[in-house]
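Novice: structure01.cif is reproduced below (mmCIF, C-alpha atoms and all ligand atoms).
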```cif
data_final
loop_
_atom_site.label_atom_id
_atom_site.label_comp_id
_atom_site.auth_asym_id
_atom_site.auth_seq_id
_atom_site.Cartn_x
_atom_site.Cartn_y
_atom_site.Cartn_z
CA MET A 119 38.61 6.36 1.86
CA LYS A 120 38.54 5.75 5.61
CA TYR A 121 36.23 2.92 6.66
CA ILE A 122 34.33 2.56 9.91
CA ASP A 123 32.47 -0.24 11.66
CA ILE A 124 28.76 0.36 11.87
CA GLY A 125 26.72 -0.83 14.85
CA ASN A 126 29.31 -2.82 16.83
CA GLY A 127 31.02 -4.06 13.67
CA LYS A 128 27.98 -5.55 11.94
CA LEU A 129 28.82 -3.59 8.78
CA HIS A 130 32.02 -2.14 7.43
CA ALA A 131 31.30 1.10 5.59
CA PRO A 132 32.97 4.24 4.24
CA ALA A 133 33.22 7.12 6.72
CA ILE A 134 31.59 9.34 4.09
CA ALA A 135 28.28 8.32 2.50
CA LEU A 136 26.31 9.97 -0.27
CA GLY A 137 22.88 11.33 0.66
CA CYS A 138 20.39 11.17 -2.18
CA MET A 139 17.81 13.69 -0.90
CA ARG A 140 18.61 16.23 -3.62
CA ILE A 141 18.94 14.04 -6.75
CA ALA A 142 15.26 13.77 -7.70
CA LYS A 143 15.31 16.51 -10.33
CA MET A 144 18.78 15.84 -11.76
CA PRO A 145 19.23 14.51 -15.30
CA ILE A 146 19.87 10.74 -15.23
CA GLY A 147 23.34 11.13 -16.78
CA GLU A 148 24.43 13.49 -14.00
CA VAL A 149 23.19 11.10 -11.33
CA ALA A 150 25.11 8.28 -13.04
CA ALA A 151 28.28 10.41 -13.08
CA LEU A 152 27.82 11.35 -9.40
CA VAL A 153 27.41 7.69 -8.39
CA ASP A 154 30.49 6.73 -10.45
CA THR A 155 32.51 9.47 -8.75
CA ALA A 156 31.34 8.18 -5.38
CA LEU A 157 32.29 4.58 -6.18
CA GLU A 158 35.70 5.65 -7.51
CA ALA A 159 36.30 7.48 -4.22
CA GLY A 160 35.35 4.38 -2.22
CA ILE A 161 31.83 5.50 -1.32
CA ASN A 162 29.48 2.56 -1.81
CA PHE A 163 26.97 3.71 0.83
CA PHE A 164 23.88 5.61 -0.36
CA ASP A 165 21.27 7.18 1.90
CA HIS A 166 17.69 7.40 0.67
CA ALA A 167 14.19 7.91 2.07
CA ASP A 168 10.77 7.08 0.69
CA ILE A 169 9.91 10.79 0.82
CA TYR A 170 12.95 12.20 -1.02
CA GLY A 171 11.41 13.71 -4.12
CA ILE A 172 8.23 11.82 -3.09
CA GLY A 173 9.86 8.59 -4.23
CA LYS A 174 11.58 10.11 -7.24
CA SER A 175 15.10 10.03 -5.69
CA GLU A 176 14.99 6.25 -5.29
CA GLU A 177 13.59 5.87 -8.81
CA VAL A 178 16.19 8.12 -10.44
CA PHE A 179 19.00 6.35 -8.56
CA ALA A 180 17.92 2.90 -9.78
CA GLU A 181 17.57 4.15 -13.32
CA ALA A 182 20.94 5.94 -13.29
CA VAL A 183 22.85 2.87 -12.12
CA ASP A 184 20.80 0.51 -14.32
CA MET A 185 19.96 -1.55 -11.24
CA LYS A 186 20.22 -5.31 -11.58
CA PRO A 187 21.50 -8.00 -9.18
CA SER A 188 25.15 -7.80 -10.34
CA ILE A 189 25.15 -4.02 -9.82
CA ARG A 190 23.08 -4.10 -6.64
CA GLU A 191 25.86 -6.04 -4.88
CA LYS A 192 28.20 -3.05 -5.17
CA PHE A 193 26.02 -0.86 -2.97
CA ILE A 194 25.03 -0.53 0.65
CA ILE A 195 21.58 1.02 0.34
CA GLN A 196 19.92 2.65 3.29
CA THR A 197 16.40 4.06 3.11
CA LYS A 198 13.92 5.48 5.59
CA CYS A 199 10.21 5.40 6.32
CA GLY A 200 7.77 6.98 8.74
CA ILE A 201 7.28 10.53 7.42
CA ARG A 202 4.01 11.00 5.56
CA ASP A 203 2.37 14.09 4.11
CA GLY A 204 1.89 16.23 7.26
CA PHE A 205 2.30 13.52 9.90
CA TYR A 206 4.49 10.69 11.16
CA ASP A 207 3.51 7.03 10.89
CA PHE A 208 5.31 4.08 12.51
CA SER A 209 2.31 1.74 12.11
CA LYS A 210 3.06 -1.80 10.98
CA GLU A 211 0.91 -1.30 7.91
CA HIS A 212 2.75 1.86 6.85
CA ILE A 213 6.25 0.50 7.51
CA LEU A 214 5.56 -2.60 5.40
CA ALA A 215 3.92 -0.63 2.59
CA SER A 216 6.75 1.92 2.59
CA VAL A 217 9.45 -0.75 2.26
CA ASP A 218 7.58 -2.43 -0.58
CA GLY A 219 7.42 0.95 -2.34
CA SER A 220 11.15 1.56 -1.86
CA LEU A 221 12.05 -1.93 -3.12
CA LYS A 222 9.98 -1.38 -6.24
CA ARG A 223 11.43 2.07 -6.95
CA LEU A 224 15.01 0.96 -6.23
CA LYS A 225 14.47 -2.16 -8.40
CA THR A 226 15.90 -4.45 -5.76
CA ASP A 227 14.64 -7.21 -3.49
CA TYR A 228 16.46 -6.07 -0.36
CA ILE A 229 17.33 -2.93 1.59
CA ASP A 230 20.59 -3.08 3.55
CA ILE A 231 19.45 -0.71 6.31
CA LEU A 232 16.00 0.68 7.11
CA LEU A 233 15.77 3.75 9.36
CA LEU A 234 12.68 5.11 11.10
CA HIS A 235 12.89 8.69 9.85
CA ARG A 236 11.45 10.92 12.62
CA PRO A 237 9.94 9.88 15.96
CA ASP A 238 6.19 9.17 15.81
CA THR A 239 4.79 9.85 19.29
CA LEU A 240 1.83 7.61 18.45
CA MET A 241 4.23 4.70 17.92
CA GLU A 242 3.17 1.30 19.30
CA PRO A 243 6.56 -0.44 19.70
CA GLU A 244 4.94 -3.89 19.46
CA GLU A 245 3.72 -3.00 15.97
CA VAL A 246 7.16 -1.79 14.88
CA ALA A 247 8.61 -5.06 16.18
CA GLU A 248 6.09 -7.08 14.17
CA ALA A 249 6.89 -5.10 11.03
CA PHE A 250 10.66 -5.48 11.53
CA ASP A 251 10.28 -9.25 12.11
CA ILE A 252 8.36 -9.64 8.86
CA LEU A 253 10.87 -7.54 6.94
CA TYR A 254 13.86 -9.33 8.43
CA ARG A 255 12.51 -12.87 8.00
CA SER A 256 11.47 -12.21 4.40
CA GLY A 257 14.96 -10.90 3.63
CA LYS A 258 13.58 -7.54 2.55
CA VAL A 259 15.64 -5.66 5.16
CA LYS A 260 18.99 -6.77 6.61
CA TYR A 261 19.60 -4.16 9.33
CA PHE A 262 17.61 -1.50 11.18
CA GLY A 263 18.18 1.93 12.68
CA VAL A 264 16.51 5.19 13.60
CA SER A 265 16.92 8.87 12.88
CA ASN A 266 16.45 11.95 15.07
CA GLN A 267 15.78 9.87 18.18
CA HIS A 268 16.95 10.39 21.76
CA PRO A 269 18.25 7.60 24.02
CA MET A 270 15.00 6.82 25.82
CA GLN A 271 13.15 6.50 22.52
CA ILE A 272 15.77 3.98 21.39
CA GLU A 273 15.54 2.17 24.72
CA LEU A 274 11.75 1.95 24.47
CA LEU A 275 11.88 0.59 20.95
CA SER A 276 14.72 -1.82 21.74
CA LYS A 277 12.70 -3.39 24.56
CA TYR A 278 10.33 -4.79 21.92
CA LEU A 279 12.59 -5.36 18.90
CA ASN A 280 14.27 -8.65 18.06
CA GLN A 281 16.87 -6.84 15.96
CA ASP A 282 19.54 -4.38 17.11
CA ILE A 283 19.39 -0.66 16.35
CA LEU A 284 22.63 -0.04 14.46
CA ILE A 285 22.31 3.64 13.61
CA ASP A 286 20.88 6.97 14.77
CA GLN A 287 21.01 9.59 11.99
CA LEU A 288 21.14 13.11 13.48
CA GLN A 289 21.83 16.64 12.31
CA PHE A 290 25.47 17.49 13.03
CA SER A 291 27.92 19.99 11.55
CA ILE A 292 30.46 22.55 12.80
CA ALA A 293 27.56 25.00 12.91
CA HIS A 294 25.13 22.56 14.58
CA THR A 295 26.86 21.10 17.64
CA GLY A 296 24.18 20.71 20.33
CA MET A 297 25.20 17.07 20.80
CA ILE A 298 28.61 18.11 22.15
CA ASP A 299 28.01 21.64 23.51
CA PHE A 300 26.32 20.62 26.75
CA GLY A 301 28.97 17.98 27.45
CA LEU A 302 31.54 20.78 27.47
CA ASN A 303 29.37 22.93 29.76
CA VAL A 304 28.29 20.51 32.47
CA ASN A 305 26.63 22.18 35.45
CA MET A 306 26.87 25.68 33.95
CA LYS A 307 23.94 28.08 33.74
CA ASN A 308 24.54 29.19 30.17
CA GLU A 309 22.57 28.30 27.01
CA PRO A 310 25.03 25.65 25.68
CA SER A 311 24.70 23.70 28.94
CA ILE A 312 21.11 22.72 28.06
CA ASN A 313 20.86 19.03 27.24
CA ARG A 314 18.38 18.87 24.37
CA ASP A 315 18.94 15.31 23.19
CA GLY A 316 19.21 13.19 26.34
CA SER A 317 22.96 12.68 25.89
CA ILE A 318 22.57 10.86 22.58
CA LEU A 319 26.27 11.07 21.69
CA GLU A 320 27.41 9.38 24.89
CA TYR A 321 24.53 6.87 24.70
CA CYS A 322 25.45 5.83 21.15
CA ARG A 323 29.11 5.44 22.10
CA LEU A 324 28.13 3.28 25.08
CA LYS A 325 25.86 1.07 22.99
CA GLY A 326 27.97 0.87 19.83
CA ILE A 327 25.28 2.64 17.80
CA THR A 328 26.74 4.58 14.87
CA ILE A 329 25.76 8.22 14.59
CA GLN A 330 25.31 9.43 11.03
CA ALA A 331 25.67 13.20 10.60
CA TRP A 332 23.10 14.65 8.21
CA SER A 333 23.52 18.09 6.60
CA PRO A 334 27.23 18.42 7.44
CA PHE A 335 27.54 21.80 5.68
CA GLN A 336 24.29 23.42 6.82
CA TYR A 337 23.47 25.68 9.76
CA GLY A 338 20.04 25.93 11.37
CA PHE A 339 17.28 23.78 9.94
CA PHE A 340 18.12 24.13 6.23
CA ASP A 341 19.01 27.83 6.70
CA GLY A 342 21.93 27.49 4.30
CA VAL A 343 25.58 26.49 4.01
CA PHE A 344 28.07 28.00 6.49
CA LEU A 345 31.08 27.62 4.18
CA ASP A 346 31.99 30.81 2.26
CA ASN A 347 29.09 32.49 4.06
CA ASP A 348 29.60 36.08 5.34
CA LYS A 349 27.58 35.24 8.45
CA PHE A 350 30.50 33.07 9.66
CA PRO A 351 33.65 35.16 9.01
CA GLU A 352 35.80 33.80 11.85
CA LEU A 353 34.85 30.19 11.15
CA ASN A 354 35.59 30.48 7.43
CA GLN A 355 38.89 32.20 8.11
CA LYS A 356 39.97 29.36 10.42
CA ILE A 357 38.74 26.61 8.09
CA ASN A 358 40.41 28.22 5.06
CA GLU A 359 43.67 28.69 6.97
CA ILE A 360 43.78 24.97 7.92
CA ALA A 361 42.61 23.90 4.45
CA GLU A 362 45.44 25.87 2.85
CA GLU A 363 48.00 24.43 5.25
CA LYS A 364 46.89 20.89 4.46
CA GLY A 365 46.36 21.52 0.74
CA VAL A 366 42.71 20.43 0.69
CA ALA A 367 39.33 22.08 0.05
CA ASN A 368 37.39 23.82 2.83
CA THR A 369 34.64 21.16 2.45
CA ALA A 370 37.23 18.50 3.34
CA ILE A 371 38.09 20.32 6.58
CA ALA A 372 34.39 20.61 7.51
CA VAL A 373 34.02 16.84 7.14
CA ALA A 374 37.40 16.02 8.69
CA TRP A 375 36.19 17.95 11.75
CA ILE A 376 33.25 15.52 12.08
CA LEU A 377 35.37 12.43 11.36
CA ARG A 378 37.95 13.48 14.00
CA HIS A 379 35.46 12.82 16.79
CA PRO A 380 36.19 9.48 18.48
CA ALA A 381 32.49 8.56 18.31
CA LYS A 382 33.34 7.47 14.72
CA ILE A 383 30.48 9.39 13.16
CA GLN A 384 29.62 8.56 9.56
CA THR A 385 29.06 11.72 7.50
CA ILE A 386 26.21 11.81 4.98
CA VAL A 387 27.02 14.47 2.40
CA GLY A 388 24.30 15.76 0.11
CA THR A 389 26.19 17.29 -2.78
CA THR A 390 24.90 16.77 -6.31
CA ASN A 391 28.19 17.96 -7.80
CA SER A 392 30.88 15.41 -8.73
CA LYS A 393 33.76 17.89 -8.41
CA ARG A 394 32.59 18.92 -4.94
CA LEU A 395 32.25 15.28 -3.94
CA LYS A 396 35.87 14.60 -4.94
CA ASP A 397 37.01 17.59 -2.87
CA ILE A 398 34.97 16.44 0.13
CA CYS A 399 36.61 13.00 -0.02
CA GLN A 400 40.01 14.61 0.71
CA ALA A 401 38.67 14.64 4.31
CA SER A 402 39.58 10.99 4.49
CA GLU A 403 43.28 11.90 4.22
CA VAL A 404 43.17 14.65 6.88
CA GLU A 405 43.66 14.03 10.59
CA LEU A 406 43.04 17.21 12.55
CA THR A 407 45.03 17.70 15.74
CA ARG A 408 43.16 18.15 18.99
CA GLN A 409 44.19 21.82 18.99
CA GLU A 410 42.97 22.38 15.41
CA TRP A 411 39.67 20.68 16.26
CA TYR A 412 39.08 22.98 19.24
CA GLU A 413 40.18 26.06 17.28
CA ILE A 414 37.53 25.32 14.64
CA TYR A 415 34.92 24.69 17.33
CA LYS A 416 35.69 28.05 18.96
CA ALA A 417 35.80 29.86 15.60
CA ALA A 418 32.18 28.76 15.13
CA GLY A 419 31.29 31.04 18.06
CA ASN A 420 31.49 28.45 20.84
CA LYS A 421 33.18 29.32 24.12
CA LEU A 422 34.91 26.87 26.42
CA PRO A 423 34.17 27.43 30.13
N1 LIG B 1 17.48 12.00 8.72
C1 LIG B 1 17.06 13.21 8.44
O1 LIG B 1 16.12 13.75 9.06
C2 LIG B 1 17.73 13.94 7.31
C3 LIG B 1 17.45 15.30 7.07
C4 LIG B 1 18.13 15.93 6.02
C5 LIG B 1 19.05 15.25 5.25
N2 LIG B 1 19.28 13.91 5.49
C6 LIG B 1 20.27 13.14 4.71
O2 LIG B 1 21.50 13.85 4.75
C7 LIG B 1 21.98 14.07 3.42
C8 LIG B 1 22.77 15.35 3.39
O3 LIG B 1 21.92 16.46 3.68
P1 LIG B 1 22.14 17.83 2.94
O4 LIG B 1 22.01 17.66 1.48
O5 LIG B 1 21.30 18.86 3.61
O6 LIG B 1 23.68 18.06 3.30
P2 LIG B 1 24.85 19.02 2.92
O7 LIG B 1 25.90 18.15 2.33
O8 LIG B 1 25.15 19.78 4.16
O9 LIG B 1 24.30 20.05 1.84
C9 LIG B 1 24.41 19.83 0.48
C10 LIG B 1 23.80 20.97 -0.25
O10 LIG B 1 24.55 22.17 0.01
C11 LIG B 1 24.94 22.76 -1.24
N3 LIG B 1 26.17 23.54 -1.12
C12 LIG B 1 26.33 24.82 -1.53
N4 LIG B 1 27.53 25.26 -1.26
C13 LIG B 1 28.20 24.25 -0.70
C14 LIG B 1 29.51 24.12 -0.20
N5 LIG B 1 30.40 25.12 -0.24
N6 LIG B 1 29.87 22.93 0.32
C15 LIG B 1 28.99 21.90 0.39
N7 LIG B 1 27.71 21.97 -0.06
C16 LIG B 1 27.32 23.15 -0.60
C17 LIG B 1 25.07 21.56 -2.16
O11 LIG B 1 25.06 22.04 -3.50
P3 LIG B 1 25.68 21.13 -4.68
O12 LIG B 1 24.71 20.04 -4.88
O13 LIG B 1 25.75 22.09 -5.80
O14 LIG B 1 27.01 20.65 -4.21
C18 LIG B 1 23.85 20.76 -1.76
O15 LIG B 1 22.68 21.35 -2.32
C19 LIG B 1 20.71 14.09 2.57
O16 LIG B 1 20.99 13.79 1.21
C20 LIG B 1 19.91 13.00 3.23
O17 LIG B 1 20.36 11.74 2.73
C21 LIG B 1 18.65 13.27 6.52
#
```
I need this file expressed as structure tokens, please.
Ligand SMILES: NC(=O)c1ccc[n+]([C@@H]2O[C@H](COP(=O)([O-])OP(=O)(O)OC[C@H]3O[C@@H](n4cnc5c(N)ncnc54)[C@H](OP(=O)(O)O)[C@@H]3O)[C@@H](O)[C@H]2O)c1

Specialist:
Amino acid sequence: MKYIDIGNGKLHAPAIALGCMRIAKMPIGEVAALVDTALEAGINFFDHADIYGIGKSEEVFAEAVDMKPSIREKFIIQTKCGIRDGFYDFSKEHILASVDGSLKRLKTDYIDILLLHRPDTLMEPEEVAEAFDILYRSGKVKYFGVSNQHPMQIELLSKYLNQDILIDQLQFSIAHTGMIDFGLNVNMKNEPSINRDGSILEYCRLKGITIQAWSPFQYGFFDGVFLDNDKFPELNQKINEIAEEKGVANTAIAVAWILRHPAKIQTIVGTTNSKRLKDICQASEVELTRQEWYEIYKAAGNKLP
């Protein structure tokens, strides 16, 4: 497994992490097998959120691994807070209550990384800072980050925080490339030239904030998987051709494409299938050439000016 430095080297972590959004309804034995497969492949980083399965994902995970201090040490556990039923909530009260809930469900006394899940426009940054101070000083949370935020939101928050923002978790896949499209179409009048995220990719690279790619196999907002999908014939043909050449699965090429970017993006995969996870991890052995990377980008329907 390839490893990357997270947030200016504060953490050393596998380039591929396992997202636990879809494990809530799995039998405990299957979750245990999935976690074992991940650990064997060098993945010790697990991404959770208080809302995944309305708390059930964290619970099932702790039960499957038989969480206790000696086992807890093996994992880097990231969880998120701030999404409630029908609204967003970055209040101090909610952040603190959410972390206490996650700690209880995960059967641990600390979270490695806490992310604010989706921007709350009613956020009072002073309140977030107070909550983070309490969590940090009590040892309940070691590191902090955000998700789905643009640079000015991170700047605003950072003005008040006493801790660094290490991570911004954002949707990114071969079929969801807004973060790079406009940088390839500067000063053009076409659709891909529209900057929808305030240059988050360049901002994170400047600041040493690690981007985590969520939903690396999906297109649209949970519209489905682009691999082996008839809607993407050219893309699948190109991916399969390169996969065959390199002797790896098509999933590995899809992830290798993300890992090839010099921003050193960490990919959060959401498979619940141990065999698929093993295949995906072959990405760690693949280094795409510049030409292959651009060929895949173009096969996804993108044009270079
Ligand atoms: N921050 C945010 O706002 C946010 C939003 C969404 C997700 N996330 C995080 O990102 C993680 C990954 O998200 P995701 O689960 O949507 O990602 P994903 O890895 O793109 O999708 C995984 C899902 O696609 C299915 N799938 C079907 N065919 C597949 C194929 N050929 N290759 C790969 N997968 C295939 C998988 O089924 P099998 O299980 O059968 O393999 C699984 O249900 C989540 O677990 C969560 O931790 C964060």

Novice: CA of Phe335 in chain A and atom C14 of ligand LIG 1 (chain B), how far apart in Å?

Specialist: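 Separating atom C14 of ligand LIG 1 (chain B) from CA of Phe335 in chain A is a distance of 6.6 Å.
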
Novice: To check your reading of the model: which residues sit at most 6 Å from ligand LIG 1 (chain B) when counting only C-alpha atoms and all ligand atoms? Write the answer as an MDAnalysis selection string.

Specialist: chainID A and resid 137:140 165:166 235 265 287 332:336 343 345 369 386:391 394

Novice: Counting only C-alpha atoms, which residue out of A:Lys128, A:Lys356, A:Val149, A:Ser317 sits closest to Val304 in chain A?

Specialist: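 Ranking A:Lys128, A:Lys356, A:Val149, A:Ser317 by distance to Val304 in chain A, first place goes to A:Ser317.
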
Novice: Out of A:Gln330, A:Val264, A:Asn368, A:Gly125, which residue has the shortest atom-to-atom distance to Asp346 in chain A when counting only C-alpha atoms?

Specialist: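 Counting only C-alpha atoms, the residue closest to Asp346 in chain A is A:Asn368.
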
Novice: Using only C-alpha atoms, which of the listed residues (A:Thr328, A:Ser311, A:Asn162, A:Asn358) sits closest to Ile298 in chain A?

Specialist: A:Ser311

Novice: Counting all atoms listed in the file, what is within 6 Å of Ala417 in chain A, bar same-chain residues fewer than 3 positions away, as a count of residues only?

Specialist: 3

Novice: Choose the residue, out of A:Ile229, A:Ile141, A:Lys210, A:Asn303, that has the smallest atom-to-atom separation from Glu191 in chain A; count all atoms listed in the file.

Specialist: A:Ile229

Novice: Excluding Glu242 in chain A and its own-chain neighbours fewer than 6 positions away, which residues fall within 9 Å of it when counting only C-alpha atoms? Please give them as a list in words.

Specialist: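 Neighbouring residues, sequence-local ones excluded: Phe208, Ser209, Lys210 and Leu275 of chain A.
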
Novice: In the coordinates of the file, take the point (3.4, 1.7, 6.7) and a cut-off of 10 Å; then, counting only C-alpha atoms, name each qualifying protein, DNA or RNA residue as a ChimeraX atom specification.

Specialist: /A:199-202,207-219,246,249

Novice: List as a PyMOL selection string the protein and nucleic acid residues near Leu157 in chain A, meaning an atom at most 12 Å away when all atoms listed in the file are counted, but skip any in the same chain fewer than 6 places from it.

Specialist: chain A and resi 119+132+134-136+150-151+163-164+183+189+192-194+392+395-396+399

Novice: With all atoms of range 250-258 of chain A from the file as input, state the centre and edge lengths in Å to one decimal of the axis-aligned box that has 3 Å extra on each side, as AutoDock Vina command-line options.

Specialist:
```
--center_x 11.7 --center_y -9.2 --center_z 7.3 --size_x 12.6 --size_y 13.4 --size_z 15.6
```
